Each structure stands twice: as C-alpha cells, then as structure tokens.
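The block underneath contains the structure these notes are about, expressed in structure tokens.
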Amino acid sequence: LLSINPEYQTGTLISFPRDLYVSIPGYWSNRINTAWALGGWQKVQEVFETNFGIKPDYYMKVHFDGFQDIVESLGGIDVEITETLTDTCNMDPSGWCTFEPGTMHMDGETALWYSRSRMTTSNFDRNRRTQDVIMAMAKKAMSLNMIPKIPELYSHYREYIDTDMPLTAVLQLMPMASVLTDFNNIRHFAVDSSMAYDWITWEGSMVLMPDNNAITQMLNEALYRKK
C-alpha cells in the first residue's frame, strides 16, 4: 500500500503478507491474496475497508515479465542487501544462488528472484526485500531525471502495468515530486511477526492470523501521524 500525504509531505509504503487471514465480504475468511480472484479490484477495496478501515483509491498491477522489463528499461538497479540470502535459482549453473550483504547491481531477472525468494526466509523478510527493490527502482528513475517525462512515460509503461489510475491523477501528484525525491520523506512499515502469527485453519491451511489491535496501531502511526 502506497499512501501519499500532501499535508505531511510524506510517502508511506506498507506491506501486507500474502498469507494474512482476513475477512472477505461475501466469502467468509481467507488469505488476503485471494481477494483479487474472488472479485477483482472492487473486492480488494472491500477487504481493506472491512479489515483495516482503509479504501485504496487506485491499483497498479504488474506481471512478473513486466516487472523484469521495467527494471531492464532502467538499465538495472542497485539494491542494498542487508543479510545473506540463499535459495535455488535459474541464474547459476549450479541451480543455487547466495547473495551476501552489500550493494548489488541487479538486472530484471535477478531483481525478481530477490523479491520473490522465500525458501530460506519468511514472508515478512520477502516483504522487506520487495520494498527495498521498489525503492531502488524509484531511486534509479530519479537519477535518470524521469519526473519531467511522466506524461510520455505513462503511455510507455502502460505496456507493463495494469492500472485504473488516470494520467490526470498522476499529474495532480506532480507537486509532491520534489518532496519525494528526498527519500527520507518516504516511510516504511509492514505487518510483521509482531502483528501476525502462524495459524492452521480447520481446512488444514497454514495462514497468518492478524493481531488487529497491533495492526491498527501500526496503521495509525503510518498514515495519520507526522514524521
């Protein structure tokens, strides 16, 4: 979830783990990542409004291939790796990759693998890495001075991104561009292991049961308080 707040002059990224067990209006409870298949963007909005009191305005959806193409269109990205990550991969003949802490230049395939890898880590860690990749993409875009080119880039990137956000809505946020180029104004939050715990449903599915009080406190901090 990305929230841009002109009053506070901030942008806020909030990650929700895909296995979070939530109420889905009309369908009892299920993992949050089933909402789209059950009713598209409208159902996703209903799920967020019912469970978290938030109704997102727009969506942006990108396919795996599109994600890789976007990274490639930027000439690759530089990602700060904060801890050792080991997992199976297709990028090494051995079928196994290990990334050590430090700054690494990633192409599209590597960035996607780094974002999605979960064999030796948790959903919570994957959410953190995904945010790191998104921020690296934003920083690279800024370094290429892409902000003034937004109108022409909007149509170009529509090849990769499915969104209901019109260009007019994007342009309305242009005054915030200079603020958000200072990445200290972008805050990072997530539903983490202190806000959800492992649970097995009566059908035998492993899910993450939310601690709604803890999540509400996090959302209040993330969305309604100044830096």
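By convention here, the chains of the structure tokens are called A, B, ... in the order presented, each chain's residues are numbered starting at 1, and ligands are numbered starting at 1 in the order presented.
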Given only C-alpha atoms, how would the per-residue table for stretch 40-145 of chain A near stretch 154-176 of chain A read, listing every residue at most 6 Å away with its closest atom pair and distance in Å to one decimal, sorted by chain and number, as a tab-separated table?
residue	atom	partner	partner_atom	distance
A:Tyr58	CA	A:Met165	CA	5.6
A:Tyr59	CA	A:Thr163	CA	5.5
A:Met60	CA	A:Thr163	CA	4.4
A:Lys61	CA	A:Asp162	CA	5.0
A:Val62	CA	A:Ile161	CA	4.8
A:Gly66	CA	A:Tyr160	CA	4.6
- Task: Please give the complete set of residues from stretch 89-118 of chain A that DSSP, run on the backbone, assigns to strand (DSSP E or B), formatted as a PyMOL selection string.
- Result: chain A and resi 96-99+102-106
### Who sits within 9 Å of A:Met119, only C-alpha atoms, same chain under 4 positions skipped, as a PyMOL selection string
chain A and resi 86-88
Requested write-out: all heavy atoms of the selected residues, as a tab-separated table (two decimals), in the first residue's frame:
chain	number	residue	atom	x	y	z
A	86	THR	N	20.13	-17.17	0.61
A	86	THR	CA	20.48	-18.36	-0.16
A	86	THR	C	19.21	-19.06	-0.60
A	86	THR	O	18.29	-19.25	0.20
A	86	THR	CB	21.34	-19.32	0.67
A	86	THR	OG1	22.54	-18.66	1.07
A	86	THR	CG2	21.70	-20.55	-0.14
A	87	ASP	N	19.14	-19.42	-1.89
A	87	ASP	CA	17.95	-20.09	-2.40
A	87	ASP	C	18.25	-20.72	-3.76
A	87	ASP	O	19.27	-20.39	-4.38
A	87	ASP	CB	16.79	-19.09	-2.53
A	87	ASP	CG	15.42	-19.74	-2.42
A	87	ASP	OD1	15.35	-20.98	-2.63
A	87	ASP	OD2	14.45	-19.04	-2.15
A	88	THR	N	17.37	-21.60	-4.22
A	88	THR	CA	17.50	-22.14	-5.57
A	88	THR	C	17.27	-21.02	-6.58
A	88	THR	O	16.54	-20.07	-6.31
A	88	THR	CB	16.49	-23.27	-5.81
A	88	THR	OG1	15.17	-22.77	-5.57
A	88	THR	CG2	16.76	-24.45	-4.88
Residues within 8 Å of A:Thr12, only C-alpha atoms, excluding chain neighbours under 4 positions, as a PyMOL selection string: chain A and resi 1-4+186-189+222-223
With N, CA and C atoms retained, export the selected residues as a compact mmCIF listing (two decimals), in the first residue's frame.
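Saved the output as out25.txt:
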# COMPACT_ATOMS: atom_id res chain seq x y z
N LEU A 1 0.85 -1.18 0.00
CA LEU A 1 0.00 0.00 0.00
C LEU A 1 0.89 1.23 0.00
N LEU A 2 0.68 2.12 -0.97
CA LEU A 2 1.40 3.39 -1.02
C LEU A 2 0.43 4.51 -0.68
N SER A 3 0.76 5.29 0.33
CA SER A 3 -0.04 6.45 0.69
C SER A 3 0.81 7.70 0.53
N ILE A 4 0.30 8.66 -0.26
CA ILE A 4 0.99 9.93 -0.45
C ILE A 4 0.20 11.01 0.26
N ILE A 186 10.12 9.26 2.59
CA ILE A 186 9.35 8.04 2.32
C ILE A 186 9.53 7.08 3.49
N ARG A 187 8.44 6.74 4.14
CA ARG A 187 8.50 5.92 5.34
C ARG A 187 8.11 4.47 5.00
N HIS A 188 8.62 3.55 5.79
CA HIS A 188 8.42 2.13 5.52
C HIS A 188 7.78 1.45 6.72
N PHE A 189 6.69 0.74 6.46
CA PHE A 189 6.00 -0.02 7.50
C PHE A 189 5.60 -1.37 6.92
N ALA A 222 1.49 4.95 10.69
CA ALA A 222 1.95 5.06 9.31
C ALA A 222 1.17 6.12 8.53
N LEU A 223 -0.14 6.21 8.74
CA LEU A 223 -0.97 7.02 7.89
C LEU A 223 -1.44 8.34 8.49
### Query
Near A:Ile81, within 6 Å and counting only C-alpha atoms, which residues show up once chain neighbours fewer than 4 positions away are dropped, as a list of chain:residue names?
A:Pro101, A:Gly102, A:Thr103
Based on the selection just made, write N, CA, C and O atoms of those residues as a short mmCIF file (atom, residue, chain, number, x, y, z; two decimals), in the first residue's frame.
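selection-v1.cif was written with the following content:
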data_model
loop_
_atom_site.label_atom_id
_atom_site.label_comp_id
_atom_site.auth_asym_id
_atom_site.auth_seq_id
_atom_site.Cartn_x
_atom_site.Cartn_y
_atom_site.Cartn_z
N PRO A 101 25.68 -9.56 2.07
CA PRO A 101 25.39 -8.15 2.34
C PRO A 101 26.28 -7.21 1.52
O PRO A 101 27.45 -7.50 1.29
N GLY A 102 25.69 -6.12 1.08
CA GLY A 102 26.40 -5.13 0.29
C GLY A 102 25.53 -4.63 -0.85
O GLY A 102 24.42 -5.13 -1.05
N THR A 103 26.01 -3.66 -1.60
CA THR A 103 25.26 -3.12 -2.73
C THR A 103 25.50 -4.00 -3.95
O THR A 103 26.64 -4.30 -4.30
#
Between atom CA of A:Leu180 and atom CA of A:Met135, what distance in Å does the model show, to one decimal?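 Between atom CA of A:Leu180 and atom CA of A:Met135 the gap works out to 11.1 Å.
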